[in-house]
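Asks: A single structure is presented below for examination.
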Number of protein chains: 2
Amino acid sequence: MALLFSNATILPMDPAAGAPRTFTGWAGVEGNRLTLLTASADAAAAFRAAHPSLREIDCRGKLLMPGLINTHCHAAMTLQRSYADDISLMAWLNDYIWPFESRQTPDEVALGMTLGIVEMLLGGVTSFVDMYYDQDRCVEVAERLGIRAVLGCNYFDSNIEQVFPQVERAAGLAAAGSGRVRIAVAPHSPYTVSPENLVRGRELAERLGLGMMTHIAETRDEIRIVRERYGRTPVEHLDALGMLGPHVIGAHCVHVTDSDMATLAARGVTVSHNPQSNMKISSGVAPVETMRRAGVLVALGTDGTCSNNDLDMWEELRTASFLQKSATGDPTALPAWEALRMATANGARAMGYADGELGVLREGALADLIVVDLQKPHLQPIHDVVSNLVYCGKAADVDTVVVDGRIVVEGRRIEGMDLPDLYARVAEAVRRITTAE
Amino acid sequence: MALLFSNATILPMDPAAGAPRTFTGWAGVEGNRLTLLTASADAAAAFRAAHPSLREIDCRGKLLMPGLINTHCHAAMTLQRSYADDISLMAWLNDYIWPFESRQTPDEVALGMTLGIVEMLLGGVTSFVDMYYDQDRCVEVAERLGIRAVLGCNYFDSNIEQVFPQVERAAGLAAAGSGRVRIAVAPHSPYTVSPENLVRGRELAERLGLGMMTHIAETRDEIRIVRERYGRTPVEHLDALGMLGPHVIGAHCVHVTDSDMATLAARGVTVSHNPQSNMKISSGVAPVETMRRAGVLVALGTDGTCSNNDLDMWEELRTASFLQKSATGDPTALPAWEALRMATANGARAMGYADGELGVLREGALADLIVVDLQKPHLQPIHDVVSNLVYCGKAADVDTVVVDGRIVVEGRRIEGMDLPDLYARVAEAVRRITTAE
């Protein structure tokens, strides 16, 4: 059924659309594409006449914009949200995260993924890039909930033999699905995966035509370890192995040299900047402004809920801007518009979509869009709606979410989703996992 | 009418209550005091029997905790929210803020104050400390909306003769009111108010028995200016003038020396830490962990909506913690519990309340409390509810707000508040101010 969003403040987030950044008008959706974007009441009337059975949604007082794109998370780790905070990294891993993960079943991972996707959809995230285990089990979850996703199959040297067959299964399931879900090969990092196994991952991705993702230069310890082992920075090491290209997302890139940035830019790697995670686990401050000036494509992500502790892209938007202003001493650093582009168009390119196909409102683009209710005290008055969104917008301001032309959230509800039942199943899974021998 | 909150997860935020931090139980309110806090169904039944006409509120699946206390803001500046972002400080002041402020009327300031208080109440802020103009006009607003407040009358050398009579009027109005509103004398800062006028402010506060507040050591420029003029740090300068004491709130304190911290601790000054503002306007990172170790009482604030851009204490909670972890390189810095204490008990002490009278749930304390709906995807599962609140809690999770024993928000609505009308009046005021000659 065609959709017509009427009387909306429309923010295309499309530099090609020129100034002013917003206009009042209509957006029409046919199939999974945005086919009408207009300030003309006549054009809207013609669209209405051409689609007698369309669903019209009045957006008076509301804003229509592209959905947010979370380019790095571990959504199933919602099961471990706030499980181990305010402690040192090694205690965190040894005493909490690894024992927990060793005990959970693929069905429990799928349950955590469900909770994560529900949280993201209700917060206006229409696409996400995930990196975790049991993605062959999770394709079904993403398909069922209607979100767009790249599911990265995370591997270490220790589990590569289990994960590679999962990649093939997951890729087969995704190929047989809606087209919204893509699979990627995800070596954990250059310091936890051997050069041989990094190359095996690249070869698998090439053979299956998949993208890749990995953590890069997240901590000073990683820099030291890679330097000691290979005499190179993590970026140099990955580049020497032929691992870098436009199909690759590098999460974090906190500790990168000027030469590393030039390499990331030249290879077309997308950097997924995760400011709240970097702050919470004391990783350092990624040089986002310097990377952007060096021509690196930088997108935004939340990271997992152990190091954030939520999947809220609105908070990442403003934290990204605030952190660059704080770290550079320049209050003009990473302005609101640029932060929002990172969370929309740049995220779309990171996911492998062509320029203009996703992450902007443009006729012909995929219909991934959100309706934000501006009638909230923290969003009034409206001097500059982009500033209001980036510096004051909240996940709870998102009223309606459309992915691939289908309404998946309306009036802050996901149709068919029994939240109390979901929370009860999550509580039971967590109880089982944390009390298992 | 007495109130009984039943079947709640209760988080007293009271170190005297010991471990565990939460229990399931009942909280009873009589007049403006919390008079029952119990896990005993029998005690709840006795309370019910003693108050046949009480109002009972079922809090199953919800959490009861002290209201949040915002110890530094300029609430009426909501009119200037997102008016001038991502530009340099001098352009911000000269081209936007000062011209705007020169044109607004006291009624428009009161309207901005209304919007700010509405935003804060809906976000679980039960008390705030304000610093702005026309507070004699704003006492009525705070009284009518039911919030608890310290309204600081901000003055410079240039307007001291207008402001001092306002202080007397405001203090008279507050004294004739509910007791929830207090007035304070608020010299803008040690670099914008002369030593003579700082002392005049102190003498006025002493004569009227009022508290004080000022901005201290917010930027490097301030340090330089005060050093050049007086040969001292801002803290040393204020201390030499006898300006520091337990009735004083110093906002920011970003650039303080070890000796300054010792002085702030010795004098009993409360530091209001405003992390998002400090980040957004590139002021630097306040040494909160060092101040706390030095015995300084540190509370939390949002600052105004030009430098934040909202009045959301949940974001300040997590940003405070994240920023200390990031700046110190220590992921155990400023843990969730300590951040939440800063936003509750420490804020209460900053406002001049005795220990245990406000900012904790304790029998006999003032009944300023909030009910948080835990049935949200970003608050599930619950391994550690304090971590969930600080690292994932949102203003929109606050369901019910009680100030001084009276329900002011219920089901996320402020009774009698016509929000569309408020937004329309705000839009009209902003239009008038920004287009005035």
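If you're wondering about the labels, chains in the structure tokens are A, B, ... by order shown, residues count from 1 in each chain, ligands from 1 in order shown.
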Quick check for you: according to DSSP on this backbone, which residues of stretch 222-299 of chain B are classed as alpha helix (DSSP H)? Reply as a PyMOL selection string.
Replies: chain B and resi 222-230+234-240+258-267+275-280+288-293
Asks: Got a sec: who's within 9 Å of B:Arg148, counting only C-alpha atoms, leaving out chain neighbours fewer than 6 positions off, as a list in words?
Replies: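 Answer for this query is Thr126, Ser127, Phe128, Val129, Ala142, Gly179, Arg180, Val181, Arg182, Asp368, Val403 and Asp404 of chain B.
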Asks: Stretch 139-247 of chain A: which residues are strand (DSSP E) by DSSP, as number ranges by chain?
Replies: A: 148-155, 181-187, 211-216
Asks: From the list B:Val390, B:Ala217, B:Ala427, B:Ile407, which residue is nearest chain A when using only C-alpha atoms?
Replies: B:Ala427
Asks: Extract, using only C-alpha atoms, all DNA, RNA and protein residues at most 7 Å from stretch 71-82 of chain B, discarding same-chain residues fewer than 6 positions from it, and format them as a VMD selection string.
Replies: (chain A and resid 381 383 to 384 387 to 388) or (chain B and resid 109 to 110 112 to 113 115 to 116 128 to 132 251 272 299 to 306 309 347 430)
Asks: Create the file for the chosen residues now, containing C-alpha atoms and written as a PDB file, in the first residue's frame.
Replies:
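Once written, part24.pdb looks like this:
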ATOM      1  CA  PRO A 381      11.098  26.986  20.258  1.00  0.00           C
ATOM      2  CA  HIS A 383      15.256  28.601  15.849  1.00  0.00           C
ATOM      3  CA  ASP A 384      17.221  25.874  14.040  1.00  0.00           C
ATOM      4  CA  SER A 387      20.421  22.034  16.197  1.00  0.00           C
ATOM      5  CA  ASN A 388      17.300  21.069  18.088  1.00  0.00           C
TER       6      ASN A 388
ATOM      7  CA  VAL B 109      11.507  35.962  30.643  1.00  0.00           C
ATOM      8  CA  ALA B 110       8.699  34.469  32.743  1.00  0.00           C
ATOM      9  CA  GLY B 112      10.912  31.190  29.013  1.00  0.00           C
ATOM     10  CA  MET B 113      11.075  30.211  32.682  1.00  0.00           C
ATOM     11  CA  LEU B 115       8.959  26.418  29.333  1.00  0.00           C
ATOM     12  CA  GLY B 116      12.148  25.560  31.200  1.00  0.00           C
ATOM     13  CA  PHE B 128      16.563  23.681  40.368  1.00  0.00           C
ATOM     14  CA  VAL B 129      18.964  26.522  40.980  1.00  0.00           C
ATOM     15  CA  ASP B 130      18.548  29.335  38.502  1.00  0.00           C
ATOM     16  CA  MET B 131      20.689  32.347  37.634  1.00  0.00           C
ATOM     17  CA  TYR B 132      19.104  35.024  35.478  1.00  0.00           C
ATOM     18  CA  ALA B 251      29.288  26.905  38.736  1.00  0.00           C
ATOM     19  CA  SER B 272      28.030  22.751  40.225  1.00  0.00           C
ATOM     20  CA  ALA B 299      26.744  18.645  42.432  1.00  0.00           C
ATOM     21  CA  LEU B 300      25.392  18.550  38.872  1.00  0.00           C
ATOM     22  CA  GLY B 301      23.748  21.064  36.586  1.00  0.00           C
ATOM     23  CA  THR B 302      22.722  21.520  32.980  1.00  0.00           C
ATOM     24  CA  ASP B 303      23.644  25.167  32.437  1.00  0.00           C
ATOM     25  CA  GLY B 304      21.432  27.104  30.014  1.00  0.00           C
ATOM     26  CA  THR B 305      19.888  25.848  26.803  1.00  0.00           C
ATOM     27  CA  CYS B 306      22.250  27.873  24.619  1.00  0.00           C
ATOM     28  CA  ASN B 309      20.810  22.659  24.573  1.00  0.00           C
ATOM     29  CA  GLY B 347      22.255  19.095  45.068  1.00  0.00           C
ATOM     30  CA  VAL B 430      10.618  34.595  19.938  1.00  0.00           C
TER      31      VAL B 430
END
Asks: Which residues are near B:Lys325? Cut-off 12 Å, only C-alpha atoms, ignore same chain within fewer than 2 positions. Put them as a tab-separated table (two decimals) with C-alpha atoms, in the first residue's frame.
Replies:
chain	number	residue	atom	x	y	z
A	85	ASP	CA	30.15	-1.36	35.06
A	86	ASP	CA	32.72	0.86	36.69
A	87	ILE	CA	35.38	-1.85	36.88
A	88	SER	CA	38.68	-2.45	35.12
A	276	GLN	CA	30.02	7.19	24.32
A	277	SER	CA	31.76	3.82	24.33
A	278	ASN	CA	35.18	5.44	23.88
A	279	MET	CA	34.44	7.71	26.84
A	280	LYS	CA	32.92	5.07	29.12
A	281	ILE	CA	35.74	2.57	28.75
A	282	SER	CA	38.42	5.27	28.72
A	283	SER	CA	39.73	4.42	25.25
A	284	GLY	CA	40.63	7.99	24.32
A	285	VAL	CA	39.13	10.53	21.93
A	307	SER	CA	30.02	0.01	27.10
B	285	VAL	CA	37.14	19.25	31.57
B	287	PRO	CA	38.63	17.82	37.54
B	288	VAL	CA	35.62	16.32	39.30
B	289	GLU	CA	37.38	13.23	40.60
B	318	ARG	CA	25.92	9.90	32.27
B	319	THR	CA	28.00	12.59	30.59
B	320	ALA	CA	29.54	13.45	33.97
B	321	SER	CA	30.54	9.85	34.49
B	322	PHE	CA	31.68	9.28	30.88
B	323	LEU	CA	33.69	12.49	30.82
B	327	ALA	CA	39.59	12.42	30.87
B	328	THR	CA	41.25	10.37	33.62
B	329	GLY	CA	41.79	7.24	31.52
B	330	ASP	CA	40.25	5.25	34.35
B	331	PRO	CA	37.03	3.32	33.58
B	332	THR	CA	36.27	3.12	37.30
B	333	ALA	CA	36.15	6.94	37.68
B	334	LEU	CA	32.91	8.57	38.87
B	335	PRO	CA	30.78	5.42	39.17
B	336	ALA	CA	27.05	5.48	38.56
B	339	ALA	CA	27.02	10.50	39.82
Asks: Given the choices B:Thr435, B:Thr22, B:Gln380, B:Asn94, which gets closest to chain A if the distance is worked out from only C-alpha atoms?
Replies: B:Gln380
Asks: Under the rule that only C-alpha atoms are counted, which of B:Met243, B:Leu121, B:Leu264, B:Val29 is the nearest residue to B:Pro195?
Replies: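 Comparing B:Met243, B:Leu121, B:Leu264, B:Val29 against B:Pro195, the winner is B:Met243.
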Asks: Check the smallest atom-to-atom distance from each of A:Ser102, A:Thr400, A:Thr214, A:Asn346 to A:Ile57 using only C-alpha atoms, then report the winner.
Replies: A:Thr400
Asks: Do a neighbour search on B:Gly250 at 8 Å with only C-alpha atoms, toss out local chain neighbours closer than 3 positions, and write the hits as a list in words.
Replies: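 Close residues of B:Gly250: Met213, Thr214, His215, Ile216, Cys253, Val269, Thr270, Val271 and Ser272 of chain B.
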Asks: Write out, as a compact mmCIF listing (two decimals), in the first residue's frame, the residues just selected, with C-alpha atoms.
Replies:
# COMPACT_ATOMS: atom_id res chain seq x y z
CA MET B 213 26.02 31.72 43.43
CA THR B 214 28.48 32.72 40.76
CA HIS B 215 30.36 31.29 37.80
CA ILE B 216 33.91 30.38 38.81
CA CYS B 253 35.22 25.31 38.38
CA VAL B 269 31.42 25.78 48.64
CA THR B 270 29.37 23.50 46.37
CA VAL B 271 30.73 23.15 42.86
CA SER B 272 28.03 22.75 40.22
Asks: Leaving out A:Glu415 and any residue of its chain fewer than 6 positions from it, which residues lie within 12 Å of it when counting only C-alpha atoms, given as a ChimeraX atom specification?
Replies: /A:118,121-122,144-146,400-401,406-409
Asks: Which value, in Å to one decimal, gives the distance between atom CA of B:Gly177 and atom CA of B:Leu208?
Replies: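 Atom CA of B:Gly177 sits 16.1 Å away from atom CA of B:Leu208.
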Asks: Quick one, how far is atom CA of B:Leu422 from atom CA of A:Gln375?
Replies: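 Spanning atom CA of B:Leu422 to atom CA of A:Gln375 is a straight-line distance of 10.4 Å.
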Asks: May I have the residues within 10 Å of B:Leu198 as a list in words, using only C-alpha atoms and disregarding those fewer than 6 positions away in the same chain?
Replies: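 Using only C-alpha atoms, the neighbours found are Tyr155, Phe156, Asp157, Val185, Ala186, Pro187, His188, Ser189, Pro190, Thr192, Leu204, Thr214, Leu238, Leu241, Gly242 and Met243 of chain B.
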Asks: Tell me, in Å to one decimal, how far atom CA of A:Glu236 is from atom CA of A:Glu222.
Replies: 13.1 Å
